[in-house]
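Have a look at data_3.tsv below; it lists TSV, C-alpha atoms.
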```tsv
chain	number	residue	atom	x	y	z
A	1	MET	CA	1.45	15.59	0.38
A	2	ARG	CA	4.41	17.92	-0.08
A	3	ARG	CA	3.58	21.21	-1.78
A	4	ALA	CA	6.10	20.53	-4.58
A	5	ASP	CA	4.31	17.24	-5.31
A	6	ARG	CA	0.95	19.00	-5.32
A	7	LEU	CA	2.14	21.61	-7.83
A	8	PHE	CA	3.44	18.84	-10.07
A	9	ASP	CA	0.09	17.01	-9.78
A	10	ILE	CA	-1.85	20.15	-10.71
A	11	ILE	CA	0.16	20.49	-13.92
A	12	GLU	CA	-0.23	16.79	-14.72
A	13	PHE	CA	-3.99	16.86	-14.07
A	14	LEU	CA	-4.44	19.85	-16.37
A	15	ARG	CA	-2.21	18.24	-19.01
A	16	ARG	CA	-4.18	14.98	-19.00
A	17	ASN	CA	-7.63	16.57	-19.15
A	18	LYS	CA	-6.97	19.11	-21.94
A	19	ARG	CA	-10.07	21.10	-20.96
A	20	VAL	CA	-11.17	23.76	-18.52
A	21	VAL	CA	-10.89	22.37	-14.98
A	22	THR	CA	-12.44	24.13	-12.01
A	23	ALA	CA	-10.66	24.76	-8.72
A	24	GLN	CA	-13.34	22.65	-7.01
A	25	GLU	CA	-12.47	19.67	-9.24
A	26	LEU	CA	-8.75	20.10	-8.57
A	27	GLY	CA	-9.45	20.38	-4.85
A	28	ARG	CA	-11.40	17.11	-4.83
A	29	GLU	CA	-8.70	15.36	-6.84
A	30	LEU	CA	-5.86	16.50	-4.55
A	31	GLU	CA	-7.90	16.54	-1.31
A	32	VAL	CA	-7.15	20.17	-0.49
A	33	SER	CA	-9.27	23.32	-0.16
A	34	VAL	CA	-10.29	25.52	-3.08
A	35	ARG	CA	-8.36	28.36	-1.44
A	36	THR	CA	-5.19	26.22	-1.56
A	37	ILE	CA	-5.77	25.54	-5.28
A	38	TYR	CA	-6.19	29.27	-5.98
A	39	ARG	CA	-2.91	29.99	-4.21
A	40	ASP	CA	-1.06	27.18	-5.99
A	41	ILE	CA	-2.36	28.23	-9.41
A	42	ALA	CA	-1.30	31.82	-8.77
A	43	ASP	CA	2.20	30.66	-7.83
A	44	LEU	CA	2.46	28.47	-10.93
A	45	GLN	CA	1.33	31.34	-13.15
A	46	ALA	CA	3.88	33.62	-11.47
A	47	SER	CA	6.53	31.01	-12.32
A	48	ARG	CA	5.50	31.30	-16.02
A	49	VAL	CA	3.68	28.00	-16.23
A	50	PRO	CA	1.15	28.79	-19.04
A	51	ILE	CA	-2.07	28.13	-17.10
A	52	GLU	CA	-4.95	30.24	-18.44
A	53	GLY	CA	-8.16	31.06	-16.63
A	54	GLU	CA	-9.20	32.59	-13.35
A	55	ALA	CA	-10.97	31.90	-10.09
A	56	GLY	CA	-14.63	31.05	-10.53
A	57	LEU	CA	-14.26	30.07	-14.19
A	58	GLY	CA	-11.64	27.35	-14.28
A	59	TYR	CA	-8.17	26.70	-15.65
A	60	VAL	CA	-6.58	25.12	-18.70
A	61	LEU	CA	-2.94	24.38	-19.48
A	62	ARG	CA	-1.82	25.88	-22.77
A	63	SER	CA	-1.12	23.19	-25.36
A	64	GLY	CA	2.52	22.21	-25.91
A	65	TYR	CA	3.82	23.01	-22.44
A	66	GLU	CA	6.38	20.52	-21.13
A	67	LEU	CA	8.12	20.38	-17.78
A	68	PRO	CA	11.92	20.64	-17.99
A	69	PRO	CA	13.30	17.14	-18.67
A	70	LEU	CA	14.80	15.31	-15.73
A	71	MET	CA	18.49	14.63	-16.16
A	72	PHE	CA	18.55	10.84	-16.17
A	73	THR	CA	20.96	8.62	-18.06
A	74	GLU	CA	19.78	5.54	-19.96
A	75	ASP	CA	21.13	3.26	-17.22
A	76	GLU	CA	19.36	5.29	-14.52
A	77	ILE	CA	16.04	4.99	-16.36
A	78	GLU	CA	16.41	1.21	-16.68
A	79	ALA	CA	17.32	0.97	-13.00
A	80	LEU	CA	14.15	2.85	-12.02
A	81	VAL	CA	11.98	0.70	-14.27
A	82	PHE	CA	13.60	-2.46	-12.91
A	83	GLY	CA	12.92	-1.33	-9.35
A	84	ALA	CA	9.25	-0.71	-10.16
A	85	ARG	CA	8.98	-4.14	-11.78
A	86	MET	CA	10.59	-5.74	-8.72
A	87	VAL	CA	7.96	-4.11	-6.52
A	88	ARG	CA	5.19	-5.23	-8.89
A	89	ALA	CA	6.47	-8.81	-8.78
A	90	TRP	CA	6.97	-9.07	-5.02
A	91	GLY	CA	5.20	-6.13	-3.36
A	92	ASP	CA	1.61	-5.81	-2.21
A	93	ALA	CA	-1.09	-3.87	-4.07
A	94	THR	CA	-0.41	-0.55	-2.31
A	95	PHE	CA	3.34	-0.77	-2.91
A	96	THR	CA	2.77	-1.71	-6.56
A	97	GLN	CA	0.44	1.24	-7.16
A	98	ALA	CA	2.96	3.63	-5.58
A	99	ALA	CA	5.81	2.30	-7.75
A	100	ASP	CA	3.73	2.52	-10.92
A	101	ALA	CA	2.64	6.07	-10.07
A	102	ALA	CA	6.24	7.15	-9.46
A	103	VAL	CA	7.42	5.74	-12.80
A	104	ALA	CA	4.44	7.38	-14.56
A	105	LYS	CA	5.37	10.77	-13.10
A	106	ILE	CA	8.97	10.37	-14.24
A	107	THR	CA	8.19	9.13	-17.77
A	108	ALA	CA	5.65	11.94	-18.22
A	109	VAL	CA	8.44	14.52	-18.21
A	110	LEU	CA	11.18	12.58	-19.99
A	111	PRO	CA	12.38	13.45	-23.49
A	112	GLU	CA	10.93	11.09	-26.10
A	113	ARG	CA	14.14	9.05	-26.46
A	114	LEU	CA	14.38	8.25	-22.75
A	115	SER	CA	10.64	7.70	-22.45
A	116	ARG	CA	10.89	5.07	-25.17
A	117	ILE	CA	13.67	3.31	-23.23
A	118	ALA	CA	11.48	3.22	-20.12
A	119	GLU	CA	8.57	1.75	-22.08
A	120	THR	CA	10.58	-0.89	-23.93
A	121	SER	CA	13.13	-1.97	-21.32
A	122	ARG	CA	13.69	-5.73	-21.41
A	123	VAL	CA	15.13	-5.88	-17.88
A	124	THR	CA	12.38	-7.62	-15.97
A	125	VAL	CA	11.57	-9.67	-12.87
A	126	ALA	CA	9.84	-13.03	-12.90
A	127	PRO	CA	7.55	-13.78	-9.94
A	128	GLY	CA	8.51	-16.93	-8.06
A	129	ARG	CA	6.57	-20.15	-8.32
A	130	GLY	CA	4.68	-21.95	-5.61
A	131	LYS	CA	3.30	-19.90	-2.74
A	132	GLY	CA	1.67	-16.78	-4.19
A	133	LYS	CA	3.03	-13.34	-3.44
A	134	GLU	CA	-0.24	-12.34	-1.74
A	135	ALA	CA	0.38	-14.95	0.95
A	136	LEU	CA	4.01	-13.86	1.31
A	137	ASN	CA	3.33	-10.15	1.82
A	138	THR	CA	-0.10	-9.95	3.48
A	139	HIS	CA	1.17	-7.60	6.19
A	140	LEU	CA	3.62	-5.60	4.09
A	141	THR	CA	1.70	-2.32	3.95
A	142	PRO	CA	0.85	-1.96	7.68
A	143	ILE	CA	4.41	-2.97	8.60
A	144	ARG	CA	5.93	-0.42	6.20
A	145	ARG	CA	3.73	2.31	7.63
A	146	ALA	CA	4.49	1.30	11.21
A	147	ILE	CA	8.23	1.57	10.45
A	148	ARG	CA	7.67	5.02	8.97
A	149	ASP	CA	5.43	6.19	11.84
A	150	ARG	CA	7.58	4.48	14.53
A	151	ARG	CA	4.66	2.56	15.98
A	152	LYS	CA	5.08	-0.72	17.84
A	153	LEU	CA	3.65	-3.92	16.39
A	154	VAL	CA	1.88	-6.69	18.30
A	155	PHE	CA	1.46	-10.05	16.60
A	156	ASP	CA	1.38	-13.81	16.98
A	157	TYR	CA	4.33	-15.51	15.31
A	158	ALA	CA	4.54	-19.07	14.04
A	159	ALA	CA	8.24	-19.91	14.11
A	160	LEU	CA	9.83	-22.43	11.77
A	161	SER	CA	9.84	-24.85	14.71
A	162	ASP	CA	6.00	-24.44	14.86
A	163	GLU	CA	6.27	-22.72	18.25
A	164	ARG	CA	3.74	-19.88	18.53
A	165	THR	CA	4.46	-16.79	20.58
A	166	THR	CA	2.97	-13.34	20.98
A	167	ARG	CA	5.43	-10.54	20.31
A	168	THR	CA	5.56	-6.80	20.82
A	169	VAL	CA	8.30	-5.30	18.69
A	170	ARG	CA	9.77	-2.06	17.51
A	171	PRO	CA	9.79	-2.42	13.70
A	172	LEU	CA	13.09	-1.13	12.35
A	173	GLY	CA	13.28	-2.15	8.69
A	174	LEU	CA	12.28	-4.57	5.96
A	175	ALA	CA	14.54	-6.62	3.72
A	176	PHE	CA	13.63	-8.81	0.76
A	177	PHE	CA	15.32	-12.20	0.58
A	178	GLY	CA	13.36	-13.60	-2.37
A	179	PRO	CA	10.77	-14.82	-2.11
A	180	PHE	CA	10.49	-13.80	1.55
A	181	TRP	CA	10.16	-10.41	3.24
A	182	MET	CA	12.01	-10.13	6.55
A	183	LEU	CA	11.19	-7.70	9.35
A	184	ALA	CA	14.11	-6.48	11.45
A	185	SER	CA	12.99	-5.41	14.91
A	186	TRP	CA	13.73	-4.97	18.57
A	187	CYS	CA	11.71	-7.66	20.36
A	188	GLU	CA	10.45	-6.86	23.85
A	189	LEU	CA	9.94	-10.55	24.66
A	190	ARG	CA	13.56	-11.52	23.87
A	191	ARG	CA	14.99	-8.12	24.90
A	192	ASP	CA	17.15	-8.25	21.78
A	193	PHE	CA	17.09	-7.81	18.02
A	194	ARG	CA	15.03	-10.34	16.11
A	195	THR	CA	13.99	-10.84	12.49
A	196	PHE	CA	10.68	-12.31	11.41
A	197	ARG	CA	9.44	-13.71	8.12
A	198	ILE	CA	6.30	-11.69	7.57
A	199	GLU	CA	4.34	-14.51	5.96
A	200	ARG	CA	4.60	-16.32	9.32
A	201	ILE	CA	3.10	-13.38	11.20
A	202	VAL	CA	-0.57	-13.76	12.15
A	203	ALA	CA	-3.08	-11.50	13.91
A	204	LEU	CA	-0.99	-8.37	13.33
A	205	LYS	CA	-1.96	-5.19	15.17
A	206	VAL	CA	-0.35	-1.77	14.78
A	207	SER	CA	-0.15	-0.25	18.25
A	208	ASP	CA	-0.90	3.37	19.09
A	209	GLU	CA	2.33	3.39	21.10
A	210	VAL	CA	5.09	5.38	19.41
A	211	PHE	CA	8.73	4.55	20.14
A	212	ARG	CA	11.88	6.64	19.96
A	213	ASP	CA	15.40	5.63	19.04
A	214	GLU	CA	17.40	4.45	22.02
A	215	PRO	CA	21.11	3.57	22.04
A	216	GLY	CA	21.56	-0.11	21.28
A	217	ARG	CA	18.08	-0.54	19.81
A	218	THR	CA	18.28	1.24	16.44
A	219	MET	CA	18.52	-0.04	12.89
A	220	GLU	CA	22.13	1.13	12.81
A	221	ASP	CA	22.87	-1.01	15.87
A	222	PHE	CA	21.14	-3.95	14.24
A	223	LEU	CA	23.18	-3.62	11.03
A	224	ALA	CA	26.39	-3.43	13.06
A	225	ARG	CA	25.79	-6.95	14.43
A	226	PRO	CA	27.22	-10.10	12.83
A	227	ASN	CA	25.34	-11.45	9.82
A	228	GLU	CA	23.93	-14.36	11.76
A	229	GLY	CA	21.56	-11.86	13.37
A	230	LEU	CA	19.62	-11.85	10.10
A	231	SER	CA	18.27	-15.36	10.57
A	232	PRO	CA	14.55	-15.54	11.49
A	233	ASP	CA	13.57	-15.91	15.10
A	234	ARG	CA	12.86	-19.48	16.15
```

For this file, produce the structure as structure tokens.
Amino acid sequence: MRRADRLFDIIEFLRRNKRVVTAQELGRELEVSVRTIYRDIADLQASRVPIEGEAGLGYVLRSGYELPPLMFTEDEIEALVFGARMVRAWGDATFTQAADAAVAKITAVLPERLSRIAETSRVTVAPGRGKGKEALNTHLTPIRRAIRDRRKLVFDYAALSDERTTRTVRPLGLAFFGPFWMLASWCELRRDFRTFRIERIVALKVSDEVFRDEPGRTMEDFLARPNEGLSPDR
């Protein structure tokens, strides 16, 4: 967790609880040491955040304190809410929780007028019918994390032709072509870029092997190819 995020979370935790909170409780909540909490509280107090209390006794946020409002327009707020609702409709549980948490952090510091817009926005996303989203995005979280951590993936793939192959790929990016999620990758079997519908991936394993960008094998190289490269591997 970034330190800026942790400082924000300390303020929000104190705001929600409206009571004396010990450094030990904050440390458990944020998964950091008590010493780190003491240092963060001291820095917040030095920045004139009205936190009262001291080490060994606990801390409380003075009533009425508000973080400076974020400078969002009405359209920007609706766009953020729409994005979160899109994730809720077509993402997995982990992605949905992250989107909801992000919107909650934003609305917590909005002026009342903009907060009301976020809560009452009528721009929404309807989940598709037929095959449930759980079946369509079973592997979404490990794939997202593998892309972020640059770890190779090994999986069996059931192509649209019903051919089954075992692939080792460098995961480069995900794209949503409702209702399907598509994985863009460099495939070691084909020695070329390939895309895979993730609901047709079975027996997925995230490898310990980390890859580095190489000329001709990056996401930028993939996007520079003709659009027909976006069709799923067969």

Using all atoms listed in the file, collect all residues at a distance of at most 12 Å from (11.3, -3.4, -6.0) as written in the file, then present them as a PyMOL selection string.
chain A and resi 79-92+95-100+124-127+175-178+181

Suppose we keep C-alpha atoms; can you now write the selection as a tab-separated table (two decimals), keeping the file's coordinate frame?
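In the end it all went to result-v6.tsv:
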```tsv
chain	number	residue	atom	x	y	z
A	79	ALA	CA	17.32	0.97	-13.00
A	80	LEU	CA	14.15	2.85	-12.02
A	81	VAL	CA	11.98	0.70	-14.27
A	82	PHE	CA	13.60	-2.46	-12.91
A	83	GLY	CA	12.92	-1.33	-9.35
A	84	ALA	CA	9.25	-0.71	-10.16
A	85	ARG	CA	8.98	-4.14	-11.78
A	86	MET	CA	10.59	-5.74	-8.72
A	87	VAL	CA	7.96	-4.11	-6.52
A	88	ARG	CA	5.19	-5.23	-8.89
A	89	ALA	CA	6.47	-8.81	-8.78
A	90	TRP	CA	6.97	-9.07	-5.02
A	91	GLY	CA	5.20	-6.13	-3.36
A	92	ASP	CA	1.61	-5.81	-2.21
A	95	PHE	CA	3.34	-0.77	-2.91
A	96	THR	CA	2.77	-1.71	-6.56
A	97	GLN	CA	0.44	1.24	-7.16
A	98	ALA	CA	2.96	3.63	-5.58
A	99	ALA	CA	5.81	2.30	-7.75
A	100	ASP	CA	3.73	2.52	-10.92
A	124	THR	CA	12.38	-7.62	-15.97
A	125	VAL	CA	11.57	-9.67	-12.87
A	126	ALA	CA	9.84	-13.03	-12.90
A	127	PRO	CA	7.55	-13.78	-9.94
A	175	ALA	CA	14.54	-6.62	3.72
A	176	PHE	CA	13.63	-8.81	0.76
A	177	PHE	CA	15.32	-12.20	0.58
A	178	GLY	CA	13.36	-13.60	-2.37
A	181	TRP	CA	10.16	-10.41	3.24
```

Under the rule that all atoms listed in the file are counted, which of A:Cys187, A:Ile11, A:Leu172, A:Ala101 is the nearest residue to A:Val49?
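Smallest distance to A:Val49 is found for A:Ile11.
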
Separation of atom CA of A:Thr73 and atom CA of A:Ile117, in Å?
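Atom-to-atom, atom CA of A:Thr73 and atom CA of A:Ile117 are spaced 10.4 Å apart.
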
Within 12 Å of A:Gln45, counting all atoms listed in the file, which residues qualify if same-chain residues fewer than 2 places away don't, as a PyMOL selection string?
chain A and resi 7+10-11+38-43+47-54+59-62

Go through A:Arg217, A:Arg145, A:Lys105, A:His139 and flag the residue nearest A:Phe196, using all atoms listed in the file for the distances.
A:His139

Atomic separation - atom CA of A:Leu160 relative to atom CA of A:Ala224, Å
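Separation between atom CA of A:Ala224 and atom CA of A:Leu160: 25.2 Å.
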
My list of candidates is A:Asp162, A:Asp221, A:Thr141, A:Arg151. Which is closest to A:Ile198 when distances are computed with only C-alpha atoms?
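Nearest to A:Ile198: A:Thr141.
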
Between atom CA of A:Val210 and atom CA of A:Lys152, measure the distance and give it in Å to one decimal.
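Computed distance, atom CA of A:Val210 to atom CA of A:Lys152, equals 6.3 Å.
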
For A:Thr168, list every protein, DNA or RNA residue within 8 Å, evaluated using all atoms listed in the file, and leave out those in the same chain fewer than 4 positions away; present the list as number ranges by chain.
A: 152-155, 187-189

I'd like to know which of A:Ser207, A:Thr36, A:Thr195, A:Thr165 is closest to A:Pro142, using only C-alpha atoms.
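Under the stated criterion, the closest residue is A:Ser207.
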
Restricting the calculation to only C-alpha atoms, which member of A:Arg190, A:Ala23, A:Asn137, A:Leu30 is positioned closest to A:Asp9?
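Looking only at the distances to A:Asp9, the closest residue turns out to be A:Leu30.
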
May I have the protein, DNA and RNA residues with any atom at most 6 Å from the point (3.0, -12.8, 15.1), counting only C-alpha atoms, written as a PyMOL selection string?
chain A and resi 155-157+166+201-202

Which residue out of A:Gly58, A:Leu44, A:Glu25, A:Asp5 has the minimum interatomic distance to A:Ala102 when all atoms listed in the file are used?
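When distances to A:Ala102 are compared using all atoms listed in the file, the smallest one comes from A:Asp5.
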